[in-house]
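So this one's coords.pdb, PDB, C-alpha atoms, pLDDT in the B column:
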ATOM      1  CA  MET A   1     193.930  -5.120 159.561  1.00 58.00           C
ATOM      2  CA  CYS A   2     195.172  -2.682 162.141  1.00 67.00           C
ATOM      3  CA  LEU A   3     193.482  -4.861 164.746  1.00 76.00           C
ATOM      4  CA  ALA A   4     195.801  -7.847 164.376  1.00 85.00           C
ATOM      5  CA  LEU A   5     198.556  -8.539 166.885  1.00 89.00           C
ATOM      6  CA  THR A   6     201.851 -10.373 166.524  1.00 91.00           C
ATOM      7  CA  GLY A   7     202.858 -12.972 169.060  1.00 94.00           C
ATOM      8  CA  ARG A   8     204.970 -16.077 169.566  1.00 96.00           C
ATOM      9  CA  VAL A   9     203.549 -19.567 169.699  1.00 96.00           C
ATOM     10  CA  MET A  10     204.206 -21.272 173.037  1.00 96.00           C
ATOM     11  CA  ASN A  11     202.578 -24.552 172.107  1.00 95.00           C
ATOM     12  CA  VAL A  12     200.018 -26.018 169.713  1.00 95.00           C
ATOM     13  CA  THR A  13     197.479 -28.708 170.587  1.00 93.00           C
ATOM     14  CA  LYS A  14     194.593 -29.948 168.449  1.00 89.00           C
ATOM     15  CA  GLY A  15     194.117 -26.789 166.425  1.00 91.00           C
ATOM     16  CA  LYS A  16     194.594 -24.446 169.342  1.00 95.00           C
ATOM     17  CA  ALA A  17     197.695 -22.396 170.023  1.00 96.00           C
ATOM     18  CA  LEU A  18     198.866 -20.687 173.164  1.00 96.00           C
ATOM     19  CA  VAL A  19     200.332 -17.381 171.967  1.00 96.00           C
ATOM     20  CA  ASP A  20     202.495 -14.994 173.942  1.00 95.00           C
ATOM     21  CA  PHE A  21     201.932 -11.299 173.247  1.00 92.00           C
ATOM     22  CA  ASP A  22     204.870  -9.675 175.045  1.00 90.00           C
ATOM     23  CA  GLY A  23     204.075 -11.348 178.324  1.00 91.00           C
ATOM     24  CA  ILE A  24     200.325 -11.691 177.936  1.00 91.00           C
ATOM     25  CA  ARG A  25     199.319 -15.196 176.914  1.00 93.00           C
ATOM     26  CA  SER A  26     196.119 -16.019 175.130  1.00 93.00           C
ATOM     27  CA  GLU A  27     194.698 -19.079 173.390  1.00 94.00           C
ATOM     28  CA  ALA A  28     194.053 -18.773 169.664  1.00 94.00           C
ATOM     29  CA  ASN A  29     192.383 -20.919 167.033  1.00 94.00           C
ATOM     30  CA  ALA A  30     195.039 -22.417 164.745  1.00 93.00           C
ATOM     31  CA  GLU A  31     192.997 -24.874 162.702  1.00 92.00           C
ATOM     32  CA  PHE A  32     193.453 -23.008 159.402  1.00 90.00           C
ATOM     33  CA  ILE A  33     197.227 -22.780 159.395  1.00 91.00           C
ATOM     34  CA  LYS A  34     200.412 -24.805 159.881  1.00 91.00           C
ATOM     35  CA  ILE A  35     202.355 -23.503 162.862  1.00 93.00           C
ATOM     36  CA  LYS A  36     204.638 -24.887 165.521  1.00 93.00           C
ATOM     37  CA  LYS A  37     206.098 -23.869 168.850  1.00 95.00           C
ATOM     38  CA  GLY A  38     208.390 -20.862 168.536  1.00 95.00           C
ATOM     39  CA  ASP A  39     206.783 -19.434 165.379  1.00 94.00           C
ATOM     40  CA  SER A  40     205.962 -15.730 165.190  1.00 94.00           C
ATOM     41  CA  VAL A  41     202.359 -15.355 164.145  1.00 94.00           C
ATOM     42  CA  LEU A  42     199.744 -12.748 163.363  1.00 91.00           C
ATOM     43  CA  VAL A  43     196.509 -13.146 165.314  1.00 93.00           C
ATOM     44  CA  PHE A  44     193.186 -11.474 164.570  1.00 90.00           C
ATOM     45  CA  ASN A  45     190.216 -11.823 166.872  1.00 87.00           C
ATOM     46  CA  GLY A  46     191.576 -15.018 168.377  1.00 91.00           C
ATOM     47  CA  PHE A  47     192.470 -16.648 165.046  1.00 92.00           C
ATOM     48  CA  VAL A  48     196.032 -17.284 163.926  1.00 94.00           C
ATOM     49  CA  ILE A  49     195.968 -16.000 160.354  1.00 91.00           C
ATOM     50  CA  GLU A  50     199.608 -15.845 159.288  1.00 90.00           C
ATOM     51  CA  ARG A  51     202.980 -17.307 160.144  1.00 90.00           C
ATOM     52  CA  LEU A  52     205.489 -14.475 159.909  1.00 87.00           C
TER      53      LEU A  52
ATOM     54  CA  MET B   1     198.195  -2.057 136.373  1.00 44.00           C
ATOM     55  CA  LYS B   2     201.621  -3.624 136.816  1.00 41.00           C
ATOM     56  CA  LYS B   3     201.571  -6.920 138.679  1.00 44.00           C
ATOM     57  CA  MET B   4     204.166  -7.256 141.401  1.00 45.00           C
ATOM     58  CA  LEU B   5     202.952 -10.508 142.883  1.00 44.00           C
ATOM     59  CA  ASP B   6     202.648 -14.019 141.520  1.00 42.00           C
ATOM     60  CA  VAL B   7     198.959 -14.641 141.017  1.00 41.00           C
ATOM     61  CA  LYS B   8     199.554 -18.395 140.720  1.00 42.00           C
ATOM     62  CA  LYS B   9     200.530 -18.515 144.371  1.00 47.00           C
ATOM     63  CA  LEU B  10     197.382 -16.733 145.389  1.00 50.00           C
ATOM     64  CA  GLY B  11     196.027 -17.882 148.687  1.00 49.00           C
ATOM     65  CA  ASN B  12     198.345 -20.871 148.996  1.00 53.00           C
ATOM     66  CA  ASP B  13     201.113 -19.516 151.109  1.00 63.00           C
ATOM     67  CA  PHE B  14     204.021 -21.228 152.775  1.00 74.00           C
ATOM     68  CA  ASP B  15     202.124 -21.465 156.034  1.00 82.00           C
ATOM     69  CA  GLY B  16     199.399 -23.620 154.517  1.00 84.00           C
ATOM     70  CA  PHE B  17     196.586 -21.092 154.725  1.00 89.00           C
ATOM     71  CA  LYS B  18     194.296 -21.424 151.703  1.00 90.00           C
ATOM     72  CA  THR B  19     192.494 -18.188 150.960  1.00 92.00           C
ATOM     73  CA  LEU B  20     189.094 -18.565 149.306  1.00 94.00           C
ATOM     74  CA  PRO B  21     188.314 -16.622 146.095  1.00 92.00           C
ATOM     75  CA  ILE B  22     186.620 -13.236 146.436  1.00 94.00           C
ATOM     76  CA  SER B  23     183.485 -13.207 144.277  1.00 93.00           C
ATOM     77  CA  ASP B  24     182.761  -9.473 144.646  1.00 94.00           C
ATOM     78  CA  ARG B  25     186.150  -7.834 144.411  1.00 94.00           C
ATOM     79  CA  GLU B  26     184.770  -4.313 144.105  1.00 94.00           C
ATOM     80  CA  LEU B  27     182.790  -4.595 147.329  1.00 95.00           C
ATOM     81  CA  PHE B  28     185.815  -6.047 149.094  1.00 95.00           C
ATOM     82  CA  LEU B  29     187.931  -3.081 147.999  1.00 95.00           C
ATOM     83  CA  ARG B  30     185.269  -0.548 148.994  1.00 94.00           C
ATOM     84  CA  TYR B  31     185.872  -1.642 152.590  1.00 93.00           C
ATOM     85  CA  ALA B  32     189.549  -2.605 152.370  1.00 93.00           C
ATOM     86  CA  VAL B  33     190.992   0.419 150.526  1.00 93.00           C
ATOM     87  CA  PRO B  34     190.227   2.802 153.429  1.00 90.00           C
ATOM     88  CA  CYS B  35     192.376   0.552 155.667  1.00 84.00           C
ATOM     89  CA  GLY B  36     195.055   0.629 152.993  1.00 85.00           C
ATOM     90  CA  GLU B  37     196.287   4.012 154.095  1.00 83.00           C
ATOM     91  CA  VAL B  38     197.377   2.388 157.347  1.00 82.00           C
ATOM     92  CA  LEU B  39     199.370  -0.136 155.312  1.00 84.00           C
ATOM     93  CA  VAL B  40     200.945   2.675 153.277  1.00 89.00           C
ATOM     94  CA  ARG B  41     202.000   4.461 156.459  1.00 86.00           C
ATOM     95  CA  ARG B  42     203.559   1.202 157.699  1.00 82.00           C
ATOM     96  CA  GLY B  43     205.401   0.801 154.404  1.00 86.00           C
ATOM     97  CA  GLU B  44     203.621  -2.469 153.603  1.00 83.00           C
ATOM     98  CA  VAL B  45     201.812  -1.181 150.502  1.00 88.00           C
ATOM     99  CA  ARG B  46     202.973   1.349 147.924  1.00 91.00           C
ATOM    100  CA  GLU B  47     200.911   4.507 147.730  1.00 92.00           C
ATOM    101  CA  GLU B  48     200.748   4.179 143.943  1.00 93.00           C
ATOM    102  CA  LEU B  49     199.248   0.695 144.225  1.00 93.00           C
ATOM    103  CA  LEU B  50     196.628   1.875 146.673  1.00 92.00           C
ATOM    104  CA  ARG B  51     195.758   4.767 144.350  1.00 92.00           C
ATOM    105  CA  ASN B  52     195.391   2.345 141.434  1.00 92.00           C
ATOM    106  CA  LEU B  53     193.102   0.090 143.445  1.00 93.00           C
ATOM    107  CA  ASN B  54     191.113   3.129 144.524  1.00 92.00           C
ATOM    108  CA  ASP B  55     190.755   4.189 140.880  1.00 91.00           C
ATOM    109  CA  SER B  56     189.673   0.681 139.866  1.00 91.00           C
ATOM    110  CA  VAL B  57     186.734   0.900 142.260  1.00 91.00           C
ATOM    111  CA  LYS B  58     185.995   4.507 141.431  1.00 89.00           C
ATOM    112  CA  ASN B  59     185.912   3.861 137.674  1.00 87.00           C
ATOM    113  CA  LYS B  60     184.424   0.361 137.886  1.00 83.00           C
ATOM    114  CA  GLY B  61     187.517  -1.048 136.229  1.00 79.00           C
ATOM    115  CA  ASN B  62     188.700  -4.644 136.182  1.00 82.00           C
ATOM    116  CA  ILE B  63     190.203  -5.751 139.455  1.00 85.00           C
ATOM    117  CA  ASP B  64     192.519  -8.558 138.406  1.00 82.00           C
ATOM    118  CA  TYR B  65     195.312  -7.577 140.763  1.00 86.00           C
ATOM    119  CA  PRO B  66     195.927 -10.130 143.562  1.00 88.00           C
ATOM    120  CA  ILE B  67     194.212  -8.052 146.204  1.00 90.00           C
ATOM    121  CA  GLU B  68     194.128 -11.124 148.465  1.00 89.00           C
ATOM    122  CA  ASP B  69     197.858 -10.652 148.970  1.00 87.00           C
ATOM    123  CA  VAL B  70     197.654  -6.882 149.427  1.00 89.00           C
ATOM    124  CA  PHE B  71     194.950  -7.134 152.071  1.00 90.00           C
ATOM    125  CA  LYS B  72     196.087 -10.422 153.537  1.00 88.00           C
ATOM    126  CA  VAL B  73     194.539 -10.001 156.978  1.00 88.00           C
ATOM    127  CA  ALA B  74     191.134  -9.071 155.557  1.00 90.00           C
ATOM    128  CA  SER B  75     191.118 -11.821 152.915  1.00 92.00           C
ATOM    129  CA  ARG B  76     192.255 -14.479 155.380  1.00 92.00           C
ATOM    130  CA  MET B  77     189.750 -13.426 158.008  1.00 92.00           C
ATOM    131  CA  CYS B  78     187.031 -13.343 155.339  1.00 94.00           C
ATOM    132  CA  THR B  79     188.084 -16.895 154.455  1.00 95.00           C
ATOM    133  CA  ILE B  80     187.631 -17.977 158.070  1.00 94.00           C
ATOM    134  CA  VAL B  81     184.258 -16.210 158.251  1.00 94.00           C
ATOM    135  CA  ALA B  82     183.185 -17.868 154.977  1.00 96.00           C
ATOM    136  CA  LYS B  83     184.216 -21.346 156.124  1.00 94.00           C
ATOM    137  CA  ARG B  84     182.367 -20.912 159.404  1.00 92.00           C
ATOM    138  CA  MET B  85     179.306 -19.917 157.374  1.00 94.00           C
ATOM    139  CA  GLY B  86     179.700 -23.047 155.248  1.00 96.00           C
ATOM    140  CA  LYS B  87     180.697 -21.135 152.100  1.00 96.00           C
ATOM    141  CA  ASN B  88     183.458 -21.808 149.626  1.00 95.00           C
ATOM    142  CA  GLU B  89     183.935 -18.221 148.434  1.00 95.00           C
ATOM    143  CA  ILE B  90     184.134 -14.740 149.881  1.00 96.00           C
ATOM    144  CA  ASP B  91     180.790 -13.338 148.786  1.00 96.00           C
ATOM    145  CA  PRO B  92     179.064 -10.039 149.698  1.00 95.00           C
ATOM    146  CA  GLU B  93     177.486 -11.539 152.816  1.00 94.00           C
ATOM    147  CA  VAL B  94     180.884 -12.662 154.067  1.00 96.00           C
ATOM    148  CA  ILE B  95     182.524  -9.336 153.221  1.00 95.00           C
ATOM    149  CA  ARG B  96     179.882  -7.351 155.083  1.00 93.00           C
ATOM    150  CA  ARG B  97     179.927  -9.712 158.057  1.00 92.00           C
ATOM    151  CA  TYR B  98     183.696  -9.373 158.343  1.00 92.00           C
ATOM    152  CA  PHE B  99     183.802  -5.593 158.089  1.00 91.00           C
ATOM    153  CA  MET B 100     180.549  -4.812 159.911  1.00 89.00           C
ATOM    154  CA  VAL B 101     180.551  -7.410 162.688  1.00 86.00           C
ATOM    155  CA  GLU B 102     183.901  -9.135 163.055  1.00 86.00           C
ATOM    156  CA  HIS B 103     185.770  -5.835 163.379  1.00 82.00           C
ATOM    157  CA  GLU B 104     183.725  -5.134 166.483  1.00 80.00           C
ATOM    158  CA  ASN B 105     184.558  -8.562 167.906  1.00 83.00           C
ATOM    159  CA  ALA B 106     188.207  -8.037 167.031  1.00 83.00           C
ATOM    160  CA  ILE B 107     188.341  -4.829 169.033  1.00 80.00           C
ATOM    161  CA  LEU B 108     186.853  -6.556 172.073  1.00 82.00           C
ATOM    162  CA  TRP B 109     189.393  -9.361 171.708  1.00 86.00           C
ATOM    163  CA  ARG B 110     192.291  -6.995 171.236  1.00 84.00           C
ATOM    164  CA  LYS B 111     191.339  -4.880 174.231  1.00 82.00           C
ATOM    165  CA  GLN B 112     191.811  -7.943 176.436  1.00 84.00           C
ATOM    166  CA  ILE B 113     195.450  -8.053 175.368  1.00 85.00           C
ATOM    167  CA  ARG B 114     196.241  -4.394 174.608  1.00 79.00           C
ATOM    168  CA  PRO B 115     193.622  -2.345 176.486  1.00 77.00           C
ATOM    169  CA  GLU B 116     195.615   0.874 176.141  1.00 71.00           C
ATOM    170  CA  LEU B 117     194.989   1.269 172.406  1.00 68.00           C
ATOM    171  CA  LYS B 118     191.961   3.099 171.026  1.00 68.00           C
ATOM    172  CA  LEU B 119     190.921   1.571 167.745  1.00 70.00           C
ATOM    173  CA  GLU B 120     187.379   2.810 167.255  1.00 70.00           C
ATOM    174  CA  GLU B 121     188.326   4.454 163.953  1.00 71.00           C
ATOM    175  CA  CYS B 122     189.021   1.010 162.517  1.00 78.00           C
ATOM    176  CA  LEU B 123     185.336   0.142 162.810  1.00 85.00           C
ATOM    177  CA  VAL B 124     182.749   0.466 160.071  1.00 89.00           C
ATOM    178  CA  TYR B 125     179.841   2.698 161.100  1.00 90.00           C
ATOM    179  CA  PRO B 126     176.379   3.292 159.696  1.00 92.00           C
ATOM    180  CA  GLY B 127     175.590   6.882 158.785  1.00 93.00           C
ATOM    181  CA  ARG B 128     173.069   9.066 157.047  1.00 94.00           C
ATOM    182  CA  VAL B 129     173.982  11.389 154.205  1.00 96.00           C
ATOM    183  CA  LEU B 130     173.244  14.998 155.123  1.00 97.00           C
ATOM    184  CA  LYS B 131     174.732  16.830 152.162  1.00 95.00           C
ATOM    185  CA  MET B 132     176.394  15.885 148.892  1.00 93.00           C
ATOM    186  CA  GLY B 133     179.472  17.662 147.557  1.00 89.00           C
ATOM    187  CA  THR B 134     181.706  17.141 144.557  1.00 85.00           C
ATOM    188  CA  GLU B 135     184.584  15.493 146.405  1.00 86.00           C
ATOM    189  CA  ASN B 136     183.098  14.894 149.833  1.00 92.00           C
ATOM    190  CA  MET B 137     179.776  14.289 151.476  1.00 95.00           C
ATOM    191  CA  LEU B 138     178.608  15.236 154.929  1.00 96.00           C
ATOM    192  CA  VAL B 139     177.511  12.158 156.852  1.00 96.00           C
ATOM    193  CA  LYS B 140     176.078  11.831 160.340  1.00 95.00           C
ATOM    194  CA  THR B 141     177.292   8.710 162.152  1.00 92.00           C
ATOM    195  CA  PRO B 142     177.363   7.631 165.805  1.00 88.00           C
ATOM    196  CA  LEU B 143     180.701   9.486 165.939  1.00 87.00           C
ATOM    197  CA  GLY B 144     179.131  12.796 164.843  1.00 92.00           C
ATOM    198  CA  GLU B 145     178.951  14.766 161.604  1.00 96.00           C
ATOM    199  CA  LYS B 146     181.957  14.528 159.330  1.00 94.00           C
ATOM    200  CA  LEU B 147     182.985  14.930 155.698  1.00 96.00           C
ATOM    201  CA  TYR B 148     183.704  11.631 153.970  1.00 94.00           C
ATOM    202  CA  ARG B 149     185.335  11.026 150.593  1.00 92.00           C
ATOM    203  CA  ASN B 150     183.045  10.627 147.599  1.00 87.00           C
ATOM    204  CA  ASP B 151     185.354   8.262 145.730  1.00 88.00           C
ATOM    205  CA  PHE B 152     183.120   5.197 145.835  1.00 88.00           C
ATOM    206  CA  ALA B 153     179.769   6.957 146.092  1.00 80.00           C
ATOM    207  CA  ARG B 154     177.346   6.467 143.230  1.00 78.00           C
ATOM    208  CA  ASP B 155     173.788   7.656 142.981  1.00 86.00           C
ATOM    209  CA  LEU B 156     173.633   8.729 146.592  1.00 92.00           C
ATOM    210  CA  LYS B 157     171.429  11.499 147.911  1.00 93.00           C
ATOM    211  CA  PRO B 158     170.703  13.143 151.246  1.00 95.00           C
ATOM    212  CA  LYS B 159     168.953  10.873 153.781  1.00 94.00           C
ATOM    213  CA  ASP B 160     170.463   7.704 152.260  1.00 95.00           C
ATOM    214  CA  TRP B 161     171.957   5.256 154.741  1.00 94.00           C
ATOM    215  CA  VAL B 162     175.614   4.464 154.072  1.00 94.00           C
ATOM    216  CA  SER B 163     178.483   2.619 155.710  1.00 93.00           C
ATOM    217  CA  VAL B 164     181.650   4.575 156.457  1.00 93.00           C
ATOM    218  CA  HIS B 165     185.171   3.308 157.057  1.00 90.00           C
ATOM    219  CA  TYR B 166     187.947   5.735 157.992  1.00 89.00           C
ATOM    220  CA  ASP B 167     187.468   8.712 155.644  1.00 90.00           C
ATOM    221  CA  TYR B 168     185.428   6.880 153.017  1.00 92.00           C
ATOM    222  CA  VAL B 169     181.792   6.141 152.329  1.00 94.00           C
ATOM    223  CA  ALA B 170     181.931   2.434 151.434  1.00 93.00           C
ATOM    224  CA  GLU B 171     178.440   1.830 150.074  1.00 93.00           C
ATOM    225  CA  ARG B 172     174.724   2.458 150.420  1.00 93.00           C
ATOM    226  CA  ILE B 173     173.285   0.072 153.012  1.00 92.00           C
ATOM    227  CA  ASN B 174     169.846  -1.143 154.002  1.00 87.00           C
ATOM    228  CA  HIS B 175     168.034  -1.050 157.337  1.00 83.00           C
ATOM    229  CA  GLY B 176     169.223  -4.533 158.296  1.00 83.00           C
ATOM    230  CA  HIS B 177     172.838  -3.457 157.923  1.00 83.00           C
ATOM    231  CA  VAL B 178     172.197  -0.345 159.999  1.00 81.00           C
ATOM    232  CA  VAL B 179     170.735  -2.378 162.862  1.00 79.00           C
ATOM    233  CA  ARG B 180     173.548  -4.905 162.706  1.00 76.00           C
ATOM    234  CA  MET B 181     176.274  -2.274 162.790  1.00 75.00           C
ATOM    235  CA  ALA B 182     174.607   0.009 165.310  1.00 67.00           C
ATOM    236  CA  LYS B 183     174.304  -2.850 167.776  1.00 64.00           C
ATOM    237  CA  GLY B 184     177.004  -2.442 170.359  1.00 51.00           C
ATOM    238  CA  LYS B 185     178.286   0.871 169.048  1.00 53.00           C
ATOM    239  CA  LYS B 186     177.508   3.674 171.430  1.00 42.00           C
ATOM    240  CA  ALA B 187     176.644   7.027 169.955  1.00 35.00           C
TER     241      ALA B 187
END

Let's see the structure in the file written out as structure tokens.
Amino acid sequence: MCLALTGRVMNVTKGKALVDFDGIRSEANAEFIKIKKGDSVLVFNGFVIERL
Amino acid sequence: MKKMLDVKKLGNDFDGFKTLPISDRELFLRYAVPCGEVLVRRGEVREELLRNLNDSVKNKGNIDYPIEDVFKVASRMCTIVAKRMGKNEIDPEVIRRYFMVEHENAILWRKQIRPELKLEECLVYPGRVLKMGTENMLVKTPLGEKLYRNDFARDLKPKDWVSVHYDYVAERINHGHVVRMAKGKKA
């Protein structure tokens, strides 16, 4: 659980989210969770696992 | 154990994530409790709660506390692992895959975003018991020889293969587990 990172959702398209981690952007799988642009999220190994 | 959380809401949070049930709660805790000290340091989990969960495993007590909410990252990631394996519960195979394999993948992923952090201690390692003590046991892992807590150890003896996580021996493992965990971890 120490491996997860928090980031902000830039956009969501078809179960994939573009997440900004303090300037570094990375795509994450968002098919298991309801999120939208602007949400703060917790990401683990490329999966969005919690909306904060 | 006093319940602080609403069990009825288990796994069905406001963000729509539906956590699957954990079929082997003791095994889950054997791997999750060692991480719990990180959560205590962050102020996310009370030390007393972690001690109670530790005692539940140690004494083979009932684990009816909503551990899915305490170890939310682990239970949610186990859910994702289970679904990708076509399962509808978090069983021992899922638990071991998450802690033994997915942690490794998570470190590789995280290093792409935050390469400055060293997180090797978060990994689960295979090890061989060298010497048994009353409170600790000496275990040789790819990281070297170190004393690990005996809390969850039962019927272990020197030369047994075990998995270690932080300062704990999680469980006795078989050769297949050793190969799976050793893969990619440099001694």

What are the closest atom pairs, with distances in Å to one decimal, for each residue of chain B lying within 7 Å of chain A, using all atoms listed in the file, rows by chain and rising residue number, as CSV?
residue,atom,partner,partner_atom,distance
B:Asp15,CA,A:Lys34,CA,5.4
B:Gly16,CA,A:Ile33,CA,5.4
B:Phe17,CA,A:Ile33,CA,5.0
B:Val73,CA,A:Met1,CA,5.6
B:Ala74,CA,A:Met1,CA,6.3
B:Arg76,CA,A:Ile49,CA,6.4
B:Asn105,CA,A:Asn45,CA,6.6
B:Ala106,CA,A:Asn45,CA,4.3
B:Ile107,CA,A:Leu3,CA,6.7
B:Trp109,CA,A:Asn45,CA,5.5
B:Arg110,CA,A:Asn45,CA,6.8
B:Ile113,CA,A:Ile24,CA,6.6

Practice item. List the residues selected by the PyMOL selection byres ((chain A and resi 14) around 12) in the file shown, writing them as a list in words. Key: Asn11, Val12, Thr13, Gly15, Lys16, Ala17, Leu18, Glu27, Ala28, Asn29, Ala30, Glu31, Phe32, Ile33, Lys34, Ile35 and Lys36 of chain A

Length of the atom CA of Ser40 of chain A to atom CA of Lys18 of chain B vector [Å]
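Distance between the two atoms: 18.7 Å.
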
- Might you spell out which residues the PyMOL selection byres ((chain B and resi 146-158) around 7) would select in the displayed file, as a ChimeraX atom specification? /B:30,57-58,129-132,135-140,144-145,159-160,167-171

TODO: For each of B:Leu53, B:Ile173, B:Cys35, B:Leu27, take the minimum atom-to-atom distance to His103 of chain B, counting only C-alpha atoms, then give the residue where this is smallest.
DONE: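 The closest residue to His103 of chain B is B:Cys35.
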
In Å, rounded to a single decimal, give me how far atom CA of Asn52 of chain B is from atom CA of Pro92 of chain B.
->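 Between these atoms lies a distance of 22.1 Å.
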
Grab the atom CA of Pro21 of chain B to atom CA of Asp69 of chain B distance for me, in Å with one decimal place.
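Going from atom CA of Pro21 of chain B over to atom CA of Asp69 of chain B covers 11.6 Å.
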
- Message: Residue by residue, what does the PyMOL selection byres ((chain B and resi 177) around 10) grab here? Present the result as an MDAnalysis selection string.
- Response: chainID B and resid 96:97 100:101 125:126 161:163 172:176 178:183

task = Name the residues within 7 Å of (188.0, -11.8, 150.0), counting only C-alpha atoms in the file's coordinates, and put them as a PyMOL selection string.
result = chain B and resi 20-22+28+68+74-75+78-79+90+95

Around all the atoms of segment 28-41 of chain A listed in the file, draw an axis-aligned box and extend it by 5 Å on each of the six sides; I want its centre and edge lengths in Å to one decimal, as lines of an AutoDock Vina configuration file.
center_x = 200.4
center_y = -20.1
center_z = 164.5
size_x = 26.0
size_y = 19.5
size_z = 20.3

Generate the coordinates of N, CA and C atoms for segment 145-164 of chain B; report them as an mmCIF file, in the frame of the given file.
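The resulting file, out-v4.cif, is reproduced below:
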data_model
loop_
_atom_site.group_PDB
_atom_site.id
_atom_site.type_symbol
_atom_site.label_atom_id
_atom_site.label_comp_id
_atom_site.auth_asym_id
_atom_site.auth_seq_id
_atom_site.Cartn_x
_atom_site.Cartn_y
_atom_site.Cartn_z
ATOM 1 N N GLU B 145 179.024 14.379 163.017
ATOM 2 C CA GLU B 145 178.951 14.766 161.604
ATOM 3 C C GLU B 145 180.362 14.974 161.070
ATOM 4 N N LYS B 146 180.601 14.445 159.883
ATOM 5 C CA LYS B 146 181.957 14.528 159.330
ATOM 6 C C LYS B 146 181.894 14.429 157.808
ATOM 7 N N LEU B 147 182.879 15.040 157.153
ATOM 8 C CA LEU B 147 182.985 14.930 155.698
ATOM 9 C C LEU B 147 183.695 13.628 155.337
ATOM 10 N N TYR B 148 183.098 12.877 154.448
ATOM 11 C CA TYR B 148 183.704 11.631 153.970
ATOM 12 C C TYR B 148 183.957 11.725 152.473
ATOM 13 N N ARG B 149 184.970 10.983 152.015
ATOM 14 C CA ARG B 149 185.335 11.026 150.593
ATOM 15 C C ARG B 149 184.242 10.414 149.714
ATOM 16 N N ASN B 150 184.066 11.028 148.570
ATOM 17 C CA ASN B 150 183.045 10.627 147.599
ATOM 18 C C ASN B 150 183.491 9.529 146.645
ATOM 19 N N ASP B 151 184.753 9.122 146.755
ATOM 20 C CA ASP B 151 185.354 8.262 145.730
ATOM 21 C C ASP B 151 184.463 7.114 145.260
ATOM 22 N N PHE B 152 183.861 6.397 146.204
ATOM 23 C CA PHE B 152 183.120 5.197 145.835
ATOM 24 C C PHE B 152 181.612 5.443 145.800
ATOM 25 N N ALA B 153 181.207 6.660 145.995
ATOM 26 C CA ALA B 153 179.769 6.957 146.092
ATOM 27 C C ALA B 153 179.155 7.069 144.702
ATOM 28 N N ARG B 154 178.068 6.359 144.508
ATOM 29 C CA ARG B 154 177.346 6.467 143.230
ATOM 30 C C ARG B 154 175.859 6.584 143.525
ATOM 31 N N ASP B 155 175.246 7.510 142.879
ATOM 32 C CA ASP B 155 173.788 7.656 142.981
ATOM 33 C C ASP B 155 173.297 7.812 144.419
ATOM 34 N N LEU B 156 174.081 8.491 145.221
ATOM 35 C CA LEU B 156 173.633 8.729 146.592
ATOM 36 C C LEU B 156 172.953 10.081 146.677
ATOM 37 N N LYS B 157 172.108 10.221 147.691
ATOM 38 C CA LYS B 157 171.429 11.499 147.911
ATOM 39 C C LYS B 157 171.236 11.682 149.414
ATOM 40 N N PRO B 158 170.942 12.914 149.825
ATOM 41 C CA PRO B 158 170.703 13.143 151.246
ATOM 42 C C PRO B 158 169.626 12.209 151.793
ATOM 43 N N LYS B 159 169.828 11.792 153.034
ATOM 44 C CA LYS B 159 168.953 10.873 153.781
ATOM 45 C C LYS B 159 169.246 9.400 153.499
ATOM 46 N N ASP B 160 170.090 9.101 152.495
ATOM 47 C CA ASP B 160 170.463 7.704 152.260
ATOM 48 C C ASP B 160 171.293 7.191 153.436
ATOM 49 N N TRP B 161 171.105 5.902 153.754
ATOM 50 C CA TRP B 161 171.957 5.256 154.741
ATOM 51 C C TRP B 161 173.203 4.731 154.032
ATOM 52 N N VAL B 162 174.346 4.933 154.648
ATOM 53 C CA VAL B 162 175.614 4.464 154.072
ATOM 54 C C VAL B 162 176.472 3.850 155.180
ATOM 55 N N SER B 163 177.483 3.085 154.759
ATOM 56 C CA SER B 163 178.483 2.619 155.710
ATOM 57 C C SER B 163 179.744 3.445 155.483
ATOM 58 N N VAL B 164 180.411 3.789 156.579
ATOM 59 C CA VAL B 164 181.650 4.575 156.457
ATOM 60 C C VAL B 164 182.789 3.817 157.115
#
